[in-house]
file final.cif (mmCIF, C-alpha atoms)
data_start
#
loop_
_atom_site.label_atom_id
_atom_site.label_comp_id
_atom_site.auth_asym_id
_atom_site.auth_seq_id
_atom_site.Cartn_x
_atom_site.Cartn_y
_atom_site.Cartn_z
CA MET A 1 1.32 -10.41 -28.33
CA LYS A 2 -1.68 -12.18 -26.78
CA LYS A 3 -1.91 -12.39 -22.98
CA GLY A 4 -1.88 -16.17 -23.02
CA THR A 5 1.28 -16.23 -25.10
CA THR A 6 2.88 -13.65 -22.83
CA PHE A 7 2.03 -15.71 -19.73
CA VAL A 8 3.53 -18.88 -21.20
CA PHE A 9 6.64 -16.93 -22.24
CA LEU A 10 7.04 -15.50 -18.72
CA LEU A 11 6.70 -18.96 -17.17
CA PHE A 12 9.32 -20.26 -19.57
CA LEU A 13 11.60 -17.36 -18.68
CA VAL A 14 11.20 -17.89 -14.91
CA PHE A 15 11.84 -21.64 -15.19
CA SER A 16 14.85 -21.00 -17.42
CA ILE A 17 16.36 -18.56 -14.92
CA SER A 18 15.60 -20.90 -12.04
CA ASN A 19 17.21 -23.87 -13.79
CA SER A 20 20.20 -21.75 -14.76
CA LEU A 21 20.78 -20.50 -11.23
CA SER A 22 20.21 -23.97 -9.82
CA GLY A 23 22.87 -25.33 -12.15
CA GLU A 24 25.33 -22.63 -11.18
CA THR A 25 24.91 -22.97 -7.41
CA GLY A 26 23.95 -26.62 -7.08
CA PHE A 27 20.98 -25.60 -4.92
CA ASP A 28 17.40 -26.58 -5.69
CA TYR A 29 15.39 -23.39 -5.21
CA LYS A 30 12.17 -25.39 -5.33
CA LYS A 31 13.02 -26.62 -1.82
CA VAL A 32 12.66 -23.15 -0.35
CA ASN A 33 9.73 -23.23 2.08
CA LEU A 34 6.69 -21.00 1.84
CA LEU A 35 6.75 -17.97 4.13
CA ARG A 36 4.79 -18.77 7.29
CA TRP A 37 3.99 -16.95 10.53
CA MET A 38 6.48 -18.23 13.12
CA ASP A 39 5.80 -16.18 16.27
CA PRO A 40 4.47 -18.72 18.84
CA ALA A 41 3.07 -16.04 21.17
CA ARG A 42 1.18 -13.75 18.77
CA ARG A 43 -0.97 -14.08 15.70
CA PRO A 44 -1.74 -11.49 13.01
CA LEU A 45 -5.06 -9.67 13.41
CA THR A 46 -8.14 -11.19 11.87
CA TYR A 47 -10.63 -8.96 10.10
CA GLN A 48 -12.97 -9.13 13.08
CA GLN A 49 -10.19 -8.16 15.48
CA TYR A 50 -9.29 -5.24 13.20
CA LEU A 51 -12.89 -4.00 13.38
CA GLU A 52 -12.92 -4.29 17.17
CA SER A 53 -9.60 -2.44 17.52
CA ARG A 54 -10.67 0.73 15.68
CA GLN A 55 -13.14 3.54 16.16
CA PHE A 56 -14.89 4.36 12.90
CA SER A 57 -16.65 7.52 11.79
CA GLY A 58 -19.87 7.87 9.84
CA GLN A 59 -20.15 8.38 6.09
CA PHE A 60 -16.84 9.02 4.35
CA LYS A 61 -15.90 12.66 3.92
CA ALA A 62 -12.75 14.43 2.74
CA GLU A 63 -12.07 18.16 2.89
CA LEU A 64 -9.49 19.93 0.71
CA VAL A 65 -7.09 21.71 3.08
CA TYR A 66 -4.21 22.58 0.73
CA ARG A 67 -3.44 22.74 -2.98
CA SER A 68 0.01 23.20 -4.50
CA PRO A 69 0.53 26.43 -6.46
CA LYS A 70 0.64 26.10 -10.23
CA TRP A 71 4.09 25.31 -11.59
CA THR A 72 5.69 27.43 -14.29
CA GLU A 73 6.66 24.22 -16.09
CA PRO A 74 3.49 22.09 -16.35
CA GLU A 75 5.36 19.17 -17.89
CA SER A 76 7.18 18.65 -14.58
CA ASP A 77 3.95 18.85 -12.60
CA VAL A 78 3.19 15.30 -11.34
CA PRO A 79 -0.29 15.19 -9.74
CA ILE A 80 -0.81 13.19 -6.56
CA CYS A 81 -3.09 13.51 -3.54
CA VAL A 82 -2.25 13.14 0.14
CA ILE A 83 -5.08 12.05 2.43
CA ILE A 84 -4.53 12.41 6.17
CA ASN A 85 -6.73 11.46 9.11
CA GLU A 86 -8.62 14.58 10.17
CA ASN A 87 -7.84 14.04 13.86
CA LEU A 88 -4.12 13.43 13.30
CA GLN A 89 -3.42 16.40 11.04
CA PRO A 90 -3.62 19.22 13.64
CA GLN A 91 -1.35 17.26 16.00
CA ILE A 92 1.54 17.02 13.50
CA GLY A 93 0.98 20.27 11.60
CA ASP A 94 4.58 21.53 11.28
CA ALA A 95 6.13 18.15 10.44
CA PHE A 96 3.35 17.36 7.97
CA SER A 97 3.75 20.74 6.24
CA GLN A 98 7.47 20.02 5.85
CA PHE A 99 6.62 16.67 4.24
CA ILE A 100 4.35 18.37 1.70
CA ALA A 101 7.07 20.94 0.93
CA ASP A 102 9.58 18.12 0.43
CA LEU A 103 7.27 16.42 -2.06
CA GLU A 104 6.75 19.68 -3.94
CA MET A 105 10.52 20.14 -4.19
CA ASP A 106 10.59 16.79 -6.00
CA GLY A 107 8.11 18.07 -8.59
CA TYR A 108 4.80 16.77 -7.26
CA SER A 109 1.63 18.83 -7.48
CA ILE A 110 -0.41 17.94 -4.41
CA ASP A 111 -3.99 18.18 -3.26
CA VAL A 112 -4.12 17.53 0.50
CA PHE A 113 -7.36 16.24 2.01
CA ALA A 114 -8.32 15.70 5.66
CA ALA A 115 -10.59 12.66 5.87
CA ASN A 116 -12.37 10.60 8.49
CA ASN A 117 -11.78 6.94 9.23
CA ASN A 118 -14.89 5.47 7.67
CA PHE A 119 -15.82 1.82 8.26
CA SER A 120 -16.05 0.97 4.55
CA ALA A 121 -13.14 1.28 2.12
CA THR A 122 -15.59 1.93 -0.73
CA GLY A 123 -15.97 5.63 0.04
CA LEU A 124 -12.23 6.26 -0.05
CA LYS A 125 -11.85 4.23 -3.24
CA ASN A 126 -14.63 6.16 -4.98
CA PHE A 127 -12.91 9.38 -3.92
CA LEU A 128 -9.59 8.21 -5.40
CA GLU A 129 -11.35 7.22 -8.62
CA VAL A 130 -12.70 10.77 -8.95
CA GLN A 131 -9.19 12.16 -8.43
CA TRP A 132 -7.83 9.73 -11.03
CA ASN A 133 -10.42 10.71 -13.62
CA SER A 134 -10.40 14.46 -12.98
CA ARG A 135 -6.74 15.21 -12.16
CA GLN A 136 -5.08 12.09 -13.58
CA ILE A 137 -3.25 11.46 -10.30
CA VAL A 138 -0.42 8.93 -10.48
CA GLY A 139 -0.59 8.00 -6.81
CA ALA A 140 -1.80 8.80 -3.31
CA VAL A 141 -0.31 8.81 0.19
CA LEU A 142 -2.63 7.73 3.03
CA ILE A 143 -1.58 8.96 6.48
CA GLY A 144 -3.00 7.84 9.82
CA ASP A 145 -6.09 5.74 10.47
CA LEU A 146 -8.01 5.47 7.20
CA ALA A 147 -10.16 2.63 5.90
CA VAL A 148 -8.29 -0.63 5.25
CA PRO A 149 -9.71 -3.03 2.62
CA TRP A 150 -9.43 -6.77 3.42
CA TYR A 151 -9.36 -9.87 1.24
CA GLU A 152 -9.98 -13.55 2.00
CA MET A 153 -9.08 -16.70 0.10
CA ASP A 154 -8.49 -20.42 0.45
CA GLU A 155 -4.92 -21.31 -0.37
CA PRO A 156 -4.34 -23.97 -3.05
CA PRO A 157 -3.62 -27.44 -1.61
CA GLY A 158 0.04 -27.11 -2.56
CA TRP A 159 0.33 -24.06 -0.31
CA GLY A 160 -1.32 -25.77 2.64
CA GLY A 161 -5.01 -25.21 1.88
CA SER A 162 -5.52 -22.77 4.77
CA HIS A 163 -8.16 -20.05 4.80
CA VAL A 164 -6.39 -16.68 5.00
CA GLU A 165 -7.51 -13.05 5.29
CA PHE A 166 -5.33 -9.99 4.95
CA PRO A 167 -5.33 -6.23 4.22
CA ILE A 168 -5.00 -5.39 0.52
CA ASP A 169 -4.28 -1.83 -0.64
CA LEU A 170 -4.27 -3.11 -4.22
CA PHE A 171 -8.01 -2.42 -3.85
CA TYR A 172 -7.16 1.29 -3.95
CA MET A 173 -4.62 0.91 -6.78
CA ASP A 174 -6.86 -0.91 -9.26
CA LEU A 175 -9.54 1.69 -9.96
CA ASP A 176 -11.22 0.11 -12.98
CA GLY A 177 -11.31 -3.54 -11.92
CA LEU A 178 -14.19 -5.38 -10.25
CA TRP A 179 -13.89 -6.39 -6.60
CA LEU A 180 -16.49 -8.81 -5.21
CA ASP A 181 -17.60 -9.82 -1.72
CA THR A 182 -19.68 -12.82 -2.74
CA ASP A 183 -20.62 -13.89 0.80
CA ALA A 184 -21.25 -10.32 2.07
CA ASP A 185 -18.99 -10.70 5.13
CA GLY A 186 -17.03 -7.47 4.59
CA LEU A 187 -13.98 -9.13 3.02
CA TYR A 188 -13.44 -9.18 -0.74
CA ASP A 189 -13.01 -12.65 -2.17
CA ASP A 190 -12.77 -12.17 -5.93
CA HIS A 191 -11.01 -9.72 -8.25
CA LEU A 192 -12.04 -9.52 -11.90
CA ALA A 193 -11.34 -7.28 -14.85
CA GLY A 194 -14.89 -5.93 -15.15
CA ASP A 195 -14.91 -3.04 -17.62
CA GLY A 196 -11.19 -2.43 -17.14
CA ASP A 197 -8.41 -4.76 -15.99
CA ILE A 198 -6.88 -6.03 -12.75
CA GLU A 199 -3.63 -4.07 -13.01
CA ALA A 200 -2.71 -1.20 -10.69
CA ASP A 201 -3.72 2.19 -12.12
CA ILE A 202 -2.06 4.31 -9.41
CA TRP A 203 0.43 3.66 -6.62
CA ILE A 204 -0.51 3.85 -2.96
CA GLY A 205 1.71 4.67 0.02
CA ARG A 206 0.44 4.29 3.58
CA LEU A 207 1.88 5.75 6.81
CA PHE A 208 0.19 4.15 9.78
CA GLY A 209 1.40 4.17 13.38
CA SER A 210 -1.47 4.19 15.88
CA ASN A 211 -0.69 0.59 16.86
CA LEU A 212 3.02 1.24 17.56
CA THR A 213 2.85 1.76 21.33
CA TYR A 214 5.86 -0.16 22.72
CA HIS A 215 8.03 1.73 25.25
CA GLY A 216 5.51 4.54 25.52
CA ALA A 217 5.56 5.39 21.81
CA THR A 218 2.68 7.40 20.35
CA GLU A 219 1.41 7.87 16.82
CA VAL A 220 2.09 11.62 16.95
CA ALA A 221 5.70 11.18 18.13
CA GLY A 222 6.30 8.46 15.55
CA MET A 223 4.94 10.56 12.68
CA ASN A 224 6.94 13.63 13.74
CA ASN A 225 10.10 11.53 13.94
CA TYR A 226 9.45 9.92 10.55
CA PHE A 227 8.87 13.22 8.75
CA ASP A 228 12.01 14.68 10.36
CA LYS A 229 14.13 11.75 9.16
CA ASN A 230 12.46 11.89 5.74
CA HIS A 231 13.36 15.59 5.41
CA ARG A 232 16.96 15.07 6.53
CA TYR A 233 17.36 12.21 4.05
CA ARG A 234 15.95 14.24 1.17
CA THR A 235 18.26 17.17 1.96
CA GLY A 236 21.37 14.99 2.31
CA ASP A 237 21.82 15.30 6.09
CA LEU A 238 20.97 11.65 6.67
CA ARG A 239 22.41 8.84 4.56
CA LEU A 240 21.66 5.14 4.61
CA SER A 241 24.29 2.41 4.85
CA ASP A 242 24.66 0.05 1.89
CA LYS A 243 22.90 -2.82 3.66
CA ALA A 244 19.53 -4.50 3.29
CA LEU A 245 17.61 -7.46 4.70
CA ALA A 246 15.23 -9.10 2.23
CA TYR A 247 12.60 -11.75 2.97
CA ILE A 248 12.09 -13.48 -0.38
CA ASP A 249 9.12 -15.80 -0.87
CA ASN A 250 9.78 -19.07 -2.67
CA ASP A 251 8.07 -17.88 -5.85
CA TRP A 252 10.83 -15.29 -6.43
CA CYS A 253 13.71 -16.76 -4.38
CA MET A 254 15.97 -17.03 -7.43
CA TYR A 255 16.12 -13.22 -7.54
CA GLY A 256 17.21 -12.84 -3.90
#

call {"tool": "encode", "arguments": {"input": "final.cif", "output": "structure tokens"}}
result
Amino acid sequence: MKKGTTFVFLLFLVFSISNSLSGETGFDYKKVNLLRWMDPARRPLTYQQYLESRQFSGQFKAELVYRSPKWTEPESDVPICVIINENLQPQIGDAFSQFIADLEMDGYSIDVFAANNNFSATGLKNFLEVQWNSRQIVGAVLIGDLAVPWYEMDEPPGWGGSHVEFPIDLFYMDLDGLWLDTDADGLYDDHLAGDGDIEADIWIGRLFGSNLTYHGATEVAGMNNYFDKNHRYRTGDLRLSDKALAYIDNDWCMYG
């Protein structure tokens, strides 16, 4: 099926579901407002403020510090890489080692790298692309301060027409697409297929806590606590209640 036909079909499907749900509930989901920042006292960081709030290293480097042993059943061997900030790793050694062991128990084969927090996200992306091509990784976990790619765009008039800029880890997921910074200001502003496509090729998880400092909290304490809870959940000692809070944007509100 051609992409254009698929897109039209998906639009038809979404509108059909929306109309169906609207008929059942009597509520017009098109009246749901766009998500907007509501905190009157604080604003989200701009790209410039992000740059000023971090200390960056020189040229990107990553050192292999651990590799999972070979599994006896290669078909259950799921390759991923874990990249941790080189300054954070020695401060959370025991908890981090437990996290790696927990992932291995779930069947992941892991290369662990200690990396610096380079100013540009390009170095880290190129590194992930090498891992994707050589080991066929399915995903990567980024832990601690590591380069954050940013994107900027002008919203369509129907959304308010504002100029917005935001972090975008999709930059690390799409490894064969083309990302452009047409005005050379450090923020990407266009995303094209290039020689590949614009779909995600791997998944990315990010654990980041250096900015969580309320009530005397520290990044090290937060990471240690997280990995402890993660281990207890994986081993059945900690269970979650059957509750959830979802913030659904108006585009997908009919699924909420």

call {"tool": "residues_around", "arguments": {"input": "final.cif", "residues": "Asp154 of chain A", "least_positions_apart": "6", "cutoff": "10 Å", "atoms": "all atoms listed in the file", "output": "list in words"}}
result
Gly160, Gly161, Ser162, His163, Val164, Glu165 and Asp189 of chain A

call {"tool": "resolve_selection", "arguments": {"input": "final.cif", "expression": "the PyMOL selection byres ((chain A and resi 152) around 10)", "output": "list in words"}}
result
Tyr47, Trp150, Tyr151, Met153, Asp154, Glu155, His163, Val164, Glu165, Phe166, Pro167, Ile168, Asp181, Asp185, Gly186, Leu187, Tyr188, Asp189 and Asp190 of chain A

call {"tool": "write_last_selection", "arguments": {"input": "final.cif", "atoms": "C-alpha atoms", "output": "compact mmCIF listing (two decimals), in the frame of the given file"}}
result
# COMPACT_ATOMS: atom_id res chain seq x y z
CA TYR A 47 -10.63 -8.96 10.10
CA TRP A 150 -9.43 -6.77 3.42
CA TYR A 151 -9.36 -9.87 1.24
CA MET A 153 -9.08 -16.70 0.10
CA ASP A 154 -8.49 -20.42 0.45
CA GLU A 155 -4.92 -21.31 -0.37
CA HIS A 163 -8.16 -20.05 4.80
CA VAL A 164 -6.39 -16.68 5.00
CA GLU A 165 -7.51 -13.05 5.29
CA PHE A 166 -5.33 -9.99 4.95
CA PRO A 167 -5.33 -6.23 4.22
CA ILE A 168 -5.00 -5.39 0.52
CA ASP A 181 -17.60 -9.82 -1.72
CA ASP A 185 -18.99 -10.70 5.13
CA GLY A 186 -17.03 -7.47 4.59
CA LEU A 187 -13.98 -9.13 3.02
CA TYR A 188 -13.44 -9.18 -0.74
CA ASP A 189 -13.01 -12.65 -2.17
CA ASP A 190 -12.77 -12.17 -5.93

call {"tool": "atom_distance", "arguments": {"input": "final.cif", "atom1": "atom CA of Ser57 of chain A", "atom2": "atom CA of Ser210 of chain A"}}
result
16.1 Å

call {"tool": "closest_residue", "arguments": {"input": "final.cif", "among": "A:Gln48, A:Gln91, A:Asn126, A:Asn116", "to": "Ala221 of chain A", "atoms": "all atoms listed in the file"}}
result
A:Gln91

call {"tool": "residues_around", "arguments": {"input": "final.cif", "residues": "Glu219 of chain A", "least_positions_apart": "5", "cutoff": "12 Å", "atoms": "all atoms listed in the file", "output": "PyMOL selection string"}}
result
chain A and resi 85+87-89+91-92+143-145+207-214+224-226

call {"tool": "atom_distance", "arguments": {"input": "final.cif", "atom1": "atom CA of Leu180 of chain A", "atom2": "atom CA of Leu192 of chain A"}}
result
8.1 Å

call {"tool": "closest_residue", "arguments": {"input": "final.cif", "among": "A:His191, A:Ile202, A:Phe113, A:Ser97", "to": "Gly139 of chain A", "atoms": "only C-alpha atoms"}}
result
A:Ile202

call {"tool": "resolve_selection", "arguments": {"input": "final.cif", "expression": "the PyMOL selection byres ((chain A and resi 36) around 12)", "output": "ChimeraX atom specification"}}
result
/A:32-35,37-40,43-44,159-160,162,164,247-250

call {"tool": "resolve_selection", "arguments": {"input": "final.cif", "expression": "the PyMOL selection byres ((chain A and resi 61) around 7)", "output": "number ranges by chain"}}
result
A: 59-60, 62-63, 115-116

call {"tool": "atom_distance", "arguments": {"input": "final.cif", "atom1": "atom CA of Ile110 of chain A", "atom2": "atom CA of Arg67 of chain A"}}
result
5.9 Å

call {"tool": "residues_near_point", "arguments": {"input": "final.cif", "point": "(-1.4, 16.6, -7.2)", "cutoff": "9 Å", "atoms": "all atoms listed in the file", "output": "list of chain:residue names"}}
result
A:Arg67, A:Ser68, A:Asp77, A:Val78, A:Pro79, A:Ile80, A:Cys81, A:Val82, A:Tyr108, A:Ser109, A:Ile110, A:Asp111, A:Val112, A:Arg135, A:Gln136, A:Ile137, A:Val138, A:Gly139, A:Ala140

call {"tool": "closest_residue", "arguments": {"input": "final.cif", "among": "A:Phe127, A:Asp197, A:Phe227, A:Asn133", "to": "Gly177 of chain A", "atoms": "only C-alpha atoms"}}
result
A:Asp197

call {"tool": "decode", "arguments": {"input": "final.cif", "residues": "segment 117-129 of chain A", "atoms": "N, CA and C atoms", "output": "PDB file, in the first residue's frame"}}
result
ATOM      1  N   ASN A 117      30.227  14.472  28.730  1.00  0.00           N
ATOM      2  CA  ASN A 117      29.094  15.301  28.337  1.00  0.00           C
ATOM      3  C   ASN A 117      29.575  16.328  27.325  1.00  0.00           C
ATOM      4  N   ASN A 118      29.599  15.926  26.074  1.00  0.00           N
ATOM      5  CA  ASN A 118      30.069  16.789  24.998  1.00  0.00           C
ATOM      6  C   ASN A 118      29.008  17.822  24.634  1.00  0.00           C
ATOM      7  N   PHE A 119      29.433  18.989  24.175  1.00  0.00           N
ATOM      8  CA  PHE A 119      28.509  20.065  23.814  1.00  0.00           C
ATOM      9  C   PHE A 119      27.566  19.649  22.681  1.00  0.00           C
ATOM     10  N   SER A 120      28.084  18.970  21.681  1.00  0.00           N
ATOM     11  CA  SER A 120      27.305  18.627  20.497  1.00  0.00           C
ATOM     12  C   SER A 120      26.735  17.221  20.610  1.00  0.00           C
ATOM     13  N   ALA A 121      25.478  17.055  20.195  1.00  0.00           N
ATOM     14  CA  ALA A 121      24.846  15.732  20.203  1.00  0.00           C
ATOM     15  C   ALA A 121      25.301  14.877  19.027  1.00  0.00           C
ATOM     16  N   THR A 122      26.011  15.471  18.076  1.00  0.00           N
ATOM     17  CA  THR A 122      26.420  14.740  16.874  1.00  0.00           C
ATOM     18  C   THR A 122      27.367  13.594  17.198  1.00  0.00           C
ATOM     19  N   GLY A 123      28.320  13.829  18.119  1.00  0.00           N
ATOM     20  CA  GLY A 123      29.273  12.791  18.466  1.00  0.00           C
ATOM     21  C   GLY A 123      28.597  11.560  19.041  1.00  0.00           C
ATOM     22  N   LEU A 124      27.651  11.762  19.956  1.00  0.00           N
ATOM     23  CA  LEU A 124      26.932  10.645  20.555  1.00  0.00           C
ATOM     24  C   LEU A 124      26.073   9.933  19.519  1.00  0.00           C
ATOM     25  N   LYS A 125      25.460  10.694  18.623  1.00  0.00           N
ATOM     26  CA  LYS A 125      24.640  10.063  17.588  1.00  0.00           C
ATOM     27  C   LYS A 125      25.495   9.210  16.659  1.00  0.00           C
ATOM     28  N   ASN A 126      26.640   9.736  16.242  1.00  0.00           N
ATOM     29  CA  ASN A 126      27.527   8.959  15.370  1.00  0.00           C
ATOM     30  C   ASN A 126      27.965   7.669  16.065  1.00  0.00           C
ATOM     31  N   PHE A 127      28.206   7.751  17.371  1.00  0.00           N
ATOM     32  CA  PHE A 127      28.592   6.576  18.139  1.00  0.00           C
ATOM     33  C   PHE A 127      27.468   5.543  18.141  1.00  0.00           C
ATOM     34  N   LEU A 128      26.233   5.987  18.351  1.00  0.00           N
ATOM     35  CA  LEU A 128      25.086   5.077  18.340  1.00  0.00           C
ATOM     36  C   LEU A 128      24.893   4.451  16.959  1.00  0.00           C
ATOM     37  N   GLU A 129      25.153   5.218  15.919  1.00  0.00           N
ATOM     38  CA  GLU A 129      25.023   4.690  14.558  1.00  0.00           C
ATOM     39  C   GLU A 129      26.028   3.555  14.315  1.00  0.00           C
TER      40      GLU A 129
END
